[in-house]
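Everything below concerns the one structure shown next.
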Amino acid sequence: MRNFIPFVLLLLLVMPATAQDVVLKVGVYHNPPKIMFDEDGELSGIHGDLLTVIAERHGWQLIPVECDWDECLRKLESGDIDIMPDVAKTPARNEWMSFHSEHALLSWSQIYADEKEGITSVLDLDEKKVGVLKGSVQEEYLRDIIASFELSTELLPVNSFAEGFDAVKAQKADAVATNQFFGNQQVVSRRLTMTPIMFLPNKLYFAMRSGSEGEVLDAIGREIRQLKANKQSEYYQIIKNWSSQQQRIQIPVYVWWLLGLLALGLCVGLLFNYELRKKVREKTSELKENKQRLDIILSSVDAYIFIKNTELRYEYVNQRVVDLFGMDASDIIGKDDYDLFDKTTADELVELDKKVLSTRERSAQAEVNYLPGDKTPHHYWSVKVPLYNANEELIGVCGISTDVSEYKKMKEELDSLAYFDPLTGLGNRRFMLDRLRQGLKRYTKEQSDGALILLDIDHFKHLNDRRGHGVGDELLIQFGQRLEKELRQQDDAARLNSDEFMVFLQQPRDGSYVMVEELRGRLTTLLNKLTEPYVLDGEEEQVSVSMGVVLLSDAASEKDILQAVDLALTQAKEASGPHLQFFNAGLQRRFAHQQKLLSALRKAINQETLQVYYQPQYERMSGSSDITCMGYEALVRWHDDELGWISPGEFIPLAESEGLMRSVHKLVVKKALADTPTLQALNPERSIRVAINVSAGQFKHSKFVEDMNEQMKVAGVSGSAIELEITESLLIDDIEKTAKTMRELKESGITFALDDFGTGYASLGYLKELPLNRLKIDQSFVQDLTQDSNDTAIVQTILALGNSLDMEVIAEGIETEQQLAKLEALGCSQFQGYYFSRPEPLHELRNIC
């Protein structure tokens with residue numbers, strides 16, 4: 001094709017051109033599946049096929065010109081090419097390029113890297129080298145991001161996306177930035193992964209120099225618009241064809257080799273039968289070579305492979321078995337396990353082999369073997385299968401045994417580490433909870449008490465930041481050594497986390513004041529020892545320690561004890577300097593209040609006295625000056641006859657910690673569904689939705705879908721009037737089950753909103769896979785929207801993302817007219833917040849909407 005181009009150019013110069021002839025030189029850079037050359041050198045890819053369809057309709061002649069991306073841009077600017085596909089609009093390009101009105105394709109950019117790089121956010125690009133297409137919008141965007149986050153990231157300019165992936169493979173770069181079309185095509189063949197870093201959702205166009213061939217761009221825009229309007233048009237067929245090619249399953253190379261070997265073996269077998277007498281010697285030689293190859297393959301496997309006959313004598317062993325016994329293979333063949341192992345081991349092996357022969361079933365289990373004269377146990381994971389000949393007759397046992405001795409040793413070490421802190425050598429949280437449970441059992445059965453002490457090194461983070469983590473670790477080691485030195489043999493100590501330690505002391509139980517005073521004196525001495533100066537890296541360092549103490553007799557359960565000692569430590573830290581705080585009456589009152597609040601909450605749930613308030617949600621319709629009510633968010637409120645109004649900020653965390661959130665949400669759903677017909681009646685001019693927050697515990701319940709459908713049926717409410725608000729944490733946990741539940745609810749007409757979007761992390765993959773309808777911009781981004789450019793950029797990005805994914809976007813937490821005006825200027829049309837209305841009970845809403 002390329003050799004034919006000069007002839008075409010010469011022919012065009014010789015032939016007289018008519019007025020309607022249009023010849024377009026098309027810049028083609030290798031970016032499959034969007035634009036590229038096919039095997040015959042013809043224009044191909046999504047853009048290539050689309051432009052070819054349009055050109056055929058208008059009688060245009062297309063001359064593809066191969067060039068790198070940066071080179072293509074220069075050729076377009078100089079006039080060496082007429083048109084270039086796959087171009088995103090930027091202010092700089094708008095100065096010298098012209099674009100058609102309707103975009104040709106939607107695309108976004110993604111970071112791809114080896115999984116071991118551990119890149120999950122933009123901050124992980126620090127100290128990394130990233131391959132990026134020279135002169136592309138990705139390069140410009142990443143430079144801005146690196147500068148704004150002050151990252152030490154190096155951008156490696158490349159001439160093509162393929163060159164970027166080659167750079168990662170050659171370890172010249174740690175990651176590569178590319179569009180998702182090209183990147184997803186490379187994931188399997190390159191053995192790289194798509195990181196969660198997604199950026200630059202773009203609309204892509206065909207571009208020409210400003211002032212040149214305006215009619216061509218107008219025609220392209222019209223054609224694309226018409227093609228998109230028809231779901232059966234060539235446009236959608238092109239997208240479908242290339243998408244299916246992009247997702248084609250990549251069969252591993254070894255499978256093709258295996259299939260090839262099987263086909264070769266079949267051919268050899270057919271030839272052997274056909275020319276049996278004529279080529280006996282030749283085929284015997286081939287079989288010998290194949291056996292040698294098989295021996296090489298089996299001997300290279302990191303496992304012991306063998307075959308025994310029905311008498312359990314060895315007929316084949318690979319090299320690993322030969323090495324194990326230190327004998328030649330010929331010396332092993334014909335022997336049984338009693339010739340090779342000690343009698344106990346041989347008895348066990350023979351019993352397992354006979355079981356396989358008698359049951360004719362596969363066996364897989366752990367084995368412990370001893371060699372004669374060797375007392376060292378060898379641990380194996382052994383798989384054995386019955387072996388048959390061509391006539392389906394049982395001829396023996398084939399076994400594969402993998403040595404797992406090192407793994408078992410590592411597992412034992414890990415099990416040991418599970419109870420101890422590797423830095424200080426003290427126990428860890430798991431160890432201490434075990435000791436506490438044992439102490440509680442003794443307390444209930446014997447005449448003994450105990451004291452649980454929680455210690456915290458004050459301002460440890462400040463020391464870490466000031467002198468470095470190495471010095472911080474040295475302080476923790478010395479602190480642990482002093483702590484352990486002051487304890488008796490029957491006492492236990494543990495490090496719970498960074499700078500928190502716990503001690504459990506056994507005390508005689510006599511109920512007297514003297515025991516407490518003796519304990520106080522002992523703990524005061526311990527506190528003094530722990531606060532003596534430490535020599536760290538050659539310099540003295542003075543530290544302060546806070547200590548909270550609770551006796552087993554002061555609380556009723558393990559949970560109460562842990563809460564009590566935590567409260568004691570919190571009060572100790574409120575004092576300045578080293579302080580020892582017993583769980584006292586004040587803390588007891590606080591603890592008692594929490595228990596009283598919990599009891600009242602359980603009662604409120606059982607008696608269904610929790611109330612549901614509704615905050616209206618508003619929308620400004622396109623072309624209208626009025627903002628109208630479009631729906632409501634259901635919010636739980638609680639008033640107790642004795643305790644008064646309790647803030648959700650107080651009882652919601654309590655409900656979460658006590659496992660009551662599912663019951664709270666179930667009650668809210670029940671009341672909201674019952675109120676929905678009344679809310680709809682308040683807004684007869686339009687269909688409204690009632691948004692209900694759903695907890696992870698409620699959503700994951702096996703009967704959640706069934707309960708929702710039943711409650712909607714009882715309330716006489718259609719699913720189209722209900723919107724369930726879910727959080728990002730629910731998406732990340734068990735995505736497949738979440739998607740299945742959402743699709744089942746979707747069948748009832750229920751829609752979904754992603755609450756507090758942007759405060760957590762939801763990857764683009766989740767947003768594409770799940771049937772979400774709306775994103776909620778968190779109020780933390782709205783609060784400083786008029787002063788903080790970063791919040792503005794985040795809100796603008798969320799709006800663009802919602803538009804690209806065809807999702808609605810609502811901003812919550814609007815409190816001022818300035819915030820509303822800014823949001824509308826950015827393109828937001830749905831709102832919620834105190835500026836419009838506070839949450840109100842159902843009977844108060846008549847004065848609002």
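Going by the structure tokens order, chains are called A, B, ..., each with residues numbered from 1, while ligands are numbered from 1 in the order shown.
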Step one, run DSSP on the backbone; step two, keep only residues of segment 301-362 of chain A assigned to alpha helix (DSSP H); then write them as a PyMOL selection string.
chain A and resi 319-325+329-332+337-340+343-359
I'd like the contact shell of segment 713-730 of chain A - 6 Å cut-off, only C-alpha atoms, skipping same-chain residues fewer than 5 positions apart - returned as a ChimeraX atom specification.
/A:674,689-694,696,748-755,762
Using only C-alpha atoms: which of A:Leu580, A:Ala329, A:Met208, A:Leu156 has the shortest distance to Ile81 of chain A
A:Met208
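Here atom CA of Val176 of chain A and atom CA of Phe161 of chain A stand 8.1 Å from one another.
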Test item: residues at most 9 Å from segment 429-440 of chain A, only C-alpha atoms, excluding those fewer than 2 positions along its chain, as a VMD selection string
chain A and resid 418 to 421 427 442 to 445 448 to 450 452 492 to 497 502 to 504 506 552 557 to 558
Prev. selection, C-alpha atoms, output as a PDB file, in the first residue's frame:
```pdb
ATOM      1  CA  ALA A 418       0.815 -13.928  65.583  1.00  0.00           C
ATOM      2  CA  TYR A 419       1.065 -13.549  69.378  1.00  0.00           C
ATOM      3  CA  PHE A 420       4.193 -11.369  69.673  1.00  0.00           C
ATOM      4  CA  ASP A 421       5.327  -7.927  68.577  1.00  0.00           C
ATOM      5  CA  GLY A 427       3.065  -9.898  73.329  1.00  0.00           C
ATOM      6  CA  ARG A 442      -9.717 -17.080  87.483  1.00  0.00           C
ATOM      7  CA  TYR A 443     -11.567 -14.079  88.936  1.00  0.00           C
ATOM      8  CA  THR A 444     -14.901 -15.906  88.772  1.00  0.00           C
ATOM      9  CA  LYS A 445     -13.561 -19.191  90.190  1.00  0.00           C
ATOM     10  CA  SER A 448      -7.912 -13.558  92.954  1.00  0.00           C
ATOM     11  CA  ASP A 449      -8.358 -10.230  91.235  1.00  0.00           C
ATOM     12  CA  GLY A 450      -6.419  -8.499  88.526  1.00  0.00           C
ATOM     13  CA  LEU A 452      -5.493  -4.077  83.465  1.00  0.00           C
ATOM     14  CA  ASP A 492       2.067 -10.004  81.269  1.00  0.00           C
ATOM     15  CA  ALA A 493       2.895  -7.072  78.981  1.00  0.00           C
ATOM     16  CA  ALA A 494       2.097  -6.339  75.340  1.00  0.00           C
ATOM     17  CA  ARG A 495       2.482  -3.633  72.692  1.00  0.00           C
ATOM     18  CA  LEU A 496      -0.919  -2.920  71.127  1.00  0.00           C
ATOM     19  CA  ASN A 497       0.038  -0.432  68.406  1.00  0.00           C
ATOM     20  CA  MET A 502      -0.892  -2.923  77.976  1.00  0.00           C
ATOM     21  CA  VAL A 503      -0.056  -4.733  81.218  1.00  0.00           C
ATOM     22  CA  PHE A 504      -2.102  -7.328  83.103  1.00  0.00           C
ATOM     23  CA  GLN A 506      -2.575 -10.547  88.975  1.00  0.00           C
ATOM     24  CA  LEU A 552     -11.428  -6.756  87.070  1.00  0.00           C
ATOM     25  CA  SER A 557     -17.293  -8.301  81.161  1.00  0.00           C
ATOM     26  CA  GLU A 558     -14.252  -8.267  78.896  1.00  0.00           C
TER      27      GLU A 558
END
```
What residues in segment 655-815 of chain A get the DSSP label strand (DSSP E or B)? Please answer as a PyMOL selection string.
chain A and resi 689-693+722-726+751-757+774-777+808-811
For the residues in the current selection, export N, CA and C atoms as a PDB file, in the first residue's frame.
```pdb
ATOM      1  N   ARG A 689     -38.592  11.266  44.130  1.00  0.00           N
ATOM      2  CA  ARG A 689     -37.907  10.104  44.692  1.00  0.00           C
ATOM      3  C   ARG A 689     -37.572  10.359  46.158  1.00  0.00           C
ATOM      4  N   VAL A 690     -37.670   9.332  46.958  1.00  0.00           N
ATOM      5  CA  VAL A 690     -37.277   9.409  48.373  1.00  0.00           C
ATOM      6  C   VAL A 690     -35.975   8.641  48.535  1.00  0.00           C
ATOM      7  N   ALA A 691     -34.921   9.360  48.951  1.00  0.00           N
ATOM      8  CA  ALA A 691     -33.601   8.747  49.104  1.00  0.00           C
ATOM      9  C   ALA A 691     -33.448   8.199  50.518  1.00  0.00           C
ATOM     10  N   ILE A 692     -33.055   6.944  50.612  1.00  0.00           N
ATOM     11  CA  ILE A 692     -32.890   6.277  51.910  1.00  0.00           C
ATOM     12  C   ILE A 692     -31.464   5.748  52.003  1.00  0.00           C
ATOM     13  N   ASN A 693     -30.760   6.116  53.077  1.00  0.00           N
ATOM     14  CA  ASN A 693     -29.410   5.604  53.297  1.00  0.00           C
ATOM     15  C   ASN A 693     -29.479   4.148  53.731  1.00  0.00           C
ATOM     16  N   ILE A 722     -38.200   5.206  44.868  1.00  0.00           N
ATOM     17  CA  ILE A 722     -37.221   4.954  45.925  1.00  0.00           C
ATOM     18  C   ILE A 722     -35.802   5.013  45.349  1.00  0.00           C
ATOM     19  N   GLU A 723     -34.945   5.733  46.061  1.00  0.00           N
ATOM     20  CA  GLU A 723     -33.521   5.768  45.731  1.00  0.00           C
ATOM     21  C   GLU A 723     -32.744   5.336  46.968  1.00  0.00           C
ATOM     22  N   LEU A 724     -31.885   4.336  46.817  1.00  0.00           N
ATOM     23  CA  LEU A 724     -31.057   3.864  47.932  1.00  0.00           C
ATOM     24  C   LEU A 724     -29.672   4.501  47.829  1.00  0.00           C
ATOM     25  N   GLU A 725     -29.234   5.146  48.912  1.00  0.00           N
ATOM     26  CA  GLU A 725     -27.909   5.775  48.951  1.00  0.00           C
ATOM     27  C   GLU A 725     -26.932   4.808  49.615  1.00  0.00           C
ATOM     28  N   ILE A 726     -25.880   4.455  48.881  1.00  0.00           N
ATOM     29  CA  ILE A 726     -24.870   3.531  49.388  1.00  0.00           C
ATOM     30  C   ILE A 726     -23.532   4.244  49.460  1.00  0.00           C
ATOM     31  N   THR A 751     -33.651   3.004  42.153  1.00  0.00           N
ATOM     32  CA  THR A 751     -32.420   3.611  41.640  1.00  0.00           C
ATOM     33  C   THR A 751     -31.401   3.719  42.776  1.00  0.00           C
ATOM     34  N   PHE A 752     -30.133   4.022  42.401  1.00  0.00           N
ATOM     35  CA  PHE A 752     -29.050   4.051  43.388  1.00  0.00           C
ATOM     36  C   PHE A 752     -28.237   5.339  43.264  1.00  0.00           C
ATOM     37  N   ALA A 753     -27.868   5.891  44.421  1.00  0.00           N
ATOM     38  CA  ALA A 753     -26.982   7.061  44.482  1.00  0.00           C
ATOM     39  C   ALA A 753     -25.755   6.683  45.295  1.00  0.00           C
ATOM     40  N   LEU A 754     -24.588   7.176  44.868  1.00  0.00           N
ATOM     41  CA  LEU A 754     -23.336   6.946  45.600  1.00  0.00           C
ATOM     42  C   LEU A 754     -23.098   8.135  46.511  1.00  0.00           C
ATOM     43  N   ASP A 755     -23.239   7.938  47.830  1.00  0.00           N
ATOM     44  CA  ASP A 755     -23.207   9.016  48.815  1.00  0.00           C
ATOM     45  C   ASP A 755     -21.777   9.469  49.097  1.00  0.00           C
ATOM     46  N   ASP A 756     -21.637  10.761  49.443  1.00  0.00           N
ATOM     47  CA  ASP A 756     -20.345  11.353  49.843  1.00  0.00           C
ATOM     48  C   ASP A 756     -19.260  11.059  48.824  1.00  0.00           C
ATOM     49  N   PHE A 757     -19.578  11.144  47.535  1.00  0.00           N
ATOM     50  CA  PHE A 757     -18.622  10.765  46.500  1.00  0.00           C
ATOM     51  C   PHE A 757     -17.384  11.675  46.555  1.00  0.00           C
ATOM     52  N   ARG A 774     -26.875   8.084  40.320  1.00  0.00           N
ATOM     53  CA  ARG A 774     -26.569   9.444  40.757  1.00  0.00           C
ATOM     54  C   ARG A 774     -25.349   9.461  41.665  1.00  0.00           C
ATOM     55  N   LEU A 775     -24.551  10.515  41.537  1.00  0.00           N
ATOM     56  CA  LEU A 775     -23.418  10.767  42.429  1.00  0.00           C
ATOM     57  C   LEU A 775     -23.760  11.943  43.329  1.00  0.00           C
ATOM     58  N   LYS A 776     -23.399  11.841  44.620  1.00  0.00           N
ATOM     59  CA  LYS A 776     -23.638  12.945  45.553  1.00  0.00           C
ATOM     60  C   LYS A 776     -22.307  13.590  45.906  1.00  0.00           C
ATOM     61  N   ILE A 777     -22.156  14.876  45.559  1.00  0.00           N
ATOM     62  CA  ILE A 777     -20.937  15.612  45.903  1.00  0.00           C
ATOM     63  C   ILE A 777     -20.960  15.897  47.394  1.00  0.00           C
ATOM     64  N   GLU A 808     -26.755  11.305  37.040  1.00  0.00           N
ATOM     65  CA  GLU A 808     -27.113  12.574  37.649  1.00  0.00           C
ATOM     66  C   GLU A 808     -26.094  12.897  38.748  1.00  0.00           C
ATOM     67  N   VAL A 809     -25.925  14.200  39.035  1.00  0.00           N
ATOM     68  CA  VAL A 809     -25.014  14.638  40.098  1.00  0.00           C
ATOM     69  C   VAL A 809     -25.738  15.662  40.953  1.00  0.00           C
ATOM     70  N   ILE A 810     -25.775  15.432  42.275  1.00  0.00           N
ATOM     71  CA  ILE A 810     -26.407  16.361  43.201  1.00  0.00           C
ATOM     72  C   ILE A 810     -25.379  16.810  44.227  1.00  0.00           C
ATOM     73  N   ALA A 811     -25.391  18.103  44.561  1.00  0.00           N
ATOM     74  CA  ALA A 811     -24.475  18.659  45.569  1.00  0.00           C
ATOM     75  C   ALA A 811     -25.241  18.811  46.874  1.00  0.00           C
TER      76      ALA A 811
END
```
Just to confirm, what's the straight-line distance from atom CA of Leu155 of chain A to atom CA of Tyr141 of chain A in Å (one decimal)?
11.3 Å
Closest contacts (segment 157-180 of chain A/segment 107-117 of chain A, max 8 Å, only C-alpha atoms) as CSV:
```
residue,atom,partner,partner_atom,distance
A:Val168,CA,A:Ala113,CA,7.5
A:Asp174,CA,A:Ala113,CA,6.5
A:Ala175,CA,A:Ala113,CA,4.5
A:Val176,CA,A:Tyr112,CA,5.4
A:Ala177,CA,A:Ile111,CA,4.6
A:Thr178,CA,A:Ser109,CA,5.5
A:Asn179,CA,A:Ser109,CA,4.2
A:Gln180,CA,A:Ser109,CA,5.7
```
Just write the chosen residues, all heavy atoms, as a PDB file, in the first residue's frame.
```pdb
ATOM      1  N   VAL A 168       8.374   0.081  30.176  1.00  0.00           N
ATOM      2  CA  VAL A 168       8.072  -0.567  31.454  1.00  0.00           C
ATOM      3  C   VAL A 168       8.637  -1.979  31.473  1.00  0.00           C
ATOM      4  O   VAL A 168       9.232  -2.422  32.453  1.00  0.00           O
ATOM      5  CB  VAL A 168       6.547  -0.592  31.698  1.00  0.00           C
ATOM      6  CG1 VAL A 168       6.229  -1.379  32.969  1.00  0.00           C
ATOM      7  CG2 VAL A 168       6.007   0.825  31.814  1.00  0.00           C
ATOM      8  N   ASP A 174       8.624   2.861  35.440  1.00  0.00           N
ATOM      9  CA  ASP A 174       7.866   2.086  36.416  1.00  0.00           C
ATOM     10  C   ASP A 174       6.407   1.952  36.018  1.00  0.00           C
ATOM     11  O   ASP A 174       5.719   1.026  36.446  1.00  0.00           O
ATOM     12  CB  ASP A 174       7.940   2.765  37.797  1.00  0.00           C
ATOM     13  CG  ASP A 174       9.380   2.926  38.263  1.00  0.00           C
ATOM     14  OD1 ASP A 174      10.064   1.895  38.381  1.00  0.00           O
ATOM     15  OD2 ASP A 174       9.806   4.061  38.477  1.00  0.00           O
ATOM     16  N   ALA A 175       5.899   2.889  35.232  1.00  0.00           N
ATOM     17  CA  ALA A 175       4.500   2.884  34.832  1.00  0.00           C
ATOM     18  C   ALA A 175       4.376   3.614  33.500  1.00  0.00           C
ATOM     19  O   ALA A 175       5.317   4.268  33.039  1.00  0.00           O
ATOM     20  CB  ALA A 175       3.619   3.560  35.891  1.00  0.00           C
ATOM     21  N   VAL A 176       3.194   3.504  32.883  1.00  0.00           N
ATOM     22  CA  VAL A 176       2.956   4.167  31.610  1.00  0.00           C
ATOM     23  C   VAL A 176       1.535   4.724  31.628  1.00  0.00           C
ATOM     24  O   VAL A 176       0.618   4.113  32.148  1.00  0.00           O
ATOM     25  CB  VAL A 176       3.155   3.198  30.419  1.00  0.00           C
ATOM     26  CG1 VAL A 176       2.228   2.006  30.521  1.00  0.00           C
ATOM     27  CG2 VAL A 176       2.948   3.914  29.085  1.00  0.00           C
ATOM     28  N   ALA A 177       1.369   5.938  31.065  1.00  0.00           N
ATOM     29  CA  ALA A 177       0.057   6.567  30.947  1.00  0.00           C
ATOM     30  C   ALA A 177      -0.423   6.426  29.515  1.00  0.00           C
ATOM     31  O   ALA A 177       0.312   6.725  28.573  1.00  0.00           O
ATOM     32  CB  ALA A 177       0.135   8.049  31.333  1.00  0.00           C
ATOM     33  N   THR A 178      -1.671   5.954  29.358  1.00  0.00           N
ATOM     34  CA  THR A 178      -2.219   5.775  28.017  1.00  0.00           C
ATOM     35  C   THR A 178      -3.727   5.817  28.098  1.00  0.00           C
ATOM     36  O   THR A 178      -4.298   5.835  29.192  1.00  0.00           O
ATOM     37  CB  THR A 178      -1.755   4.427  27.421  1.00  0.00           C
ATOM     38  OG1 THR A 178      -2.339   4.253  26.143  1.00  0.00           O
ATOM     39  CG2 THR A 178      -2.166   3.272  28.299  1.00  0.00           C
ATOM     40  N   ASN A 179      -4.375   5.846  26.931  1.00  0.00           N
ATOM     41  CA  ASN A 179      -5.830   5.792  26.943  1.00  0.00           C
ATOM     42  C   ASN A 179      -6.282   4.365  27.250  1.00  0.00           C
ATOM     43  O   ASN A 179      -5.550   3.407  27.051  1.00  0.00           O
ATOM     44  CB  ASN A 179      -6.412   6.275  25.614  1.00  0.00           C
ATOM     45  CG  ASN A 179      -6.051   5.362  24.451  1.00  0.00           C
ATOM     46  OD1 ASN A 179      -6.580   4.263  24.304  1.00  0.00           O
ATOM     47  ND2 ASN A 179      -5.113   5.807  23.623  1.00  0.00           N
ATOM     48  N   GLN A 180      -7.548   4.269  27.743  1.00  0.00           N
ATOM     49  CA  GLN A 180      -8.007   2.958  28.211  1.00  0.00           C
ATOM     50  C   GLN A 180      -8.178   1.963  27.079  1.00  0.00           C
ATOM     51  O   GLN A 180      -8.080   0.752  27.285  1.00  0.00           O
ATOM     52  CB  GLN A 180      -9.310   3.118  29.016  1.00  0.00           C
ATOM     53  CG  GLN A 180     -10.616   2.948  28.249  1.00  0.00           C
ATOM     54  CD  GLN A 180     -10.936   4.158  27.359  1.00  0.00           C
ATOM     55  OE1 GLN A 180     -10.161   5.083  27.277  1.00  0.00           O
ATOM     56  NE2 GLN A 180     -12.077   4.126  26.696  1.00  0.00           N
TER      57      GLN A 180
END
```
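As for atom CA of Gly118 of chain A and atom CA of Ala793 of chain A, they are spaced 26.5 Å apart.
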Quick one: residues within 7 Å of Tyr316 of chain A, only C-alpha atoms counted, chain neighbours fewer than 5 positions away excluded, as a list in words?
Phe306, Ile307 and Ile333 of chain A
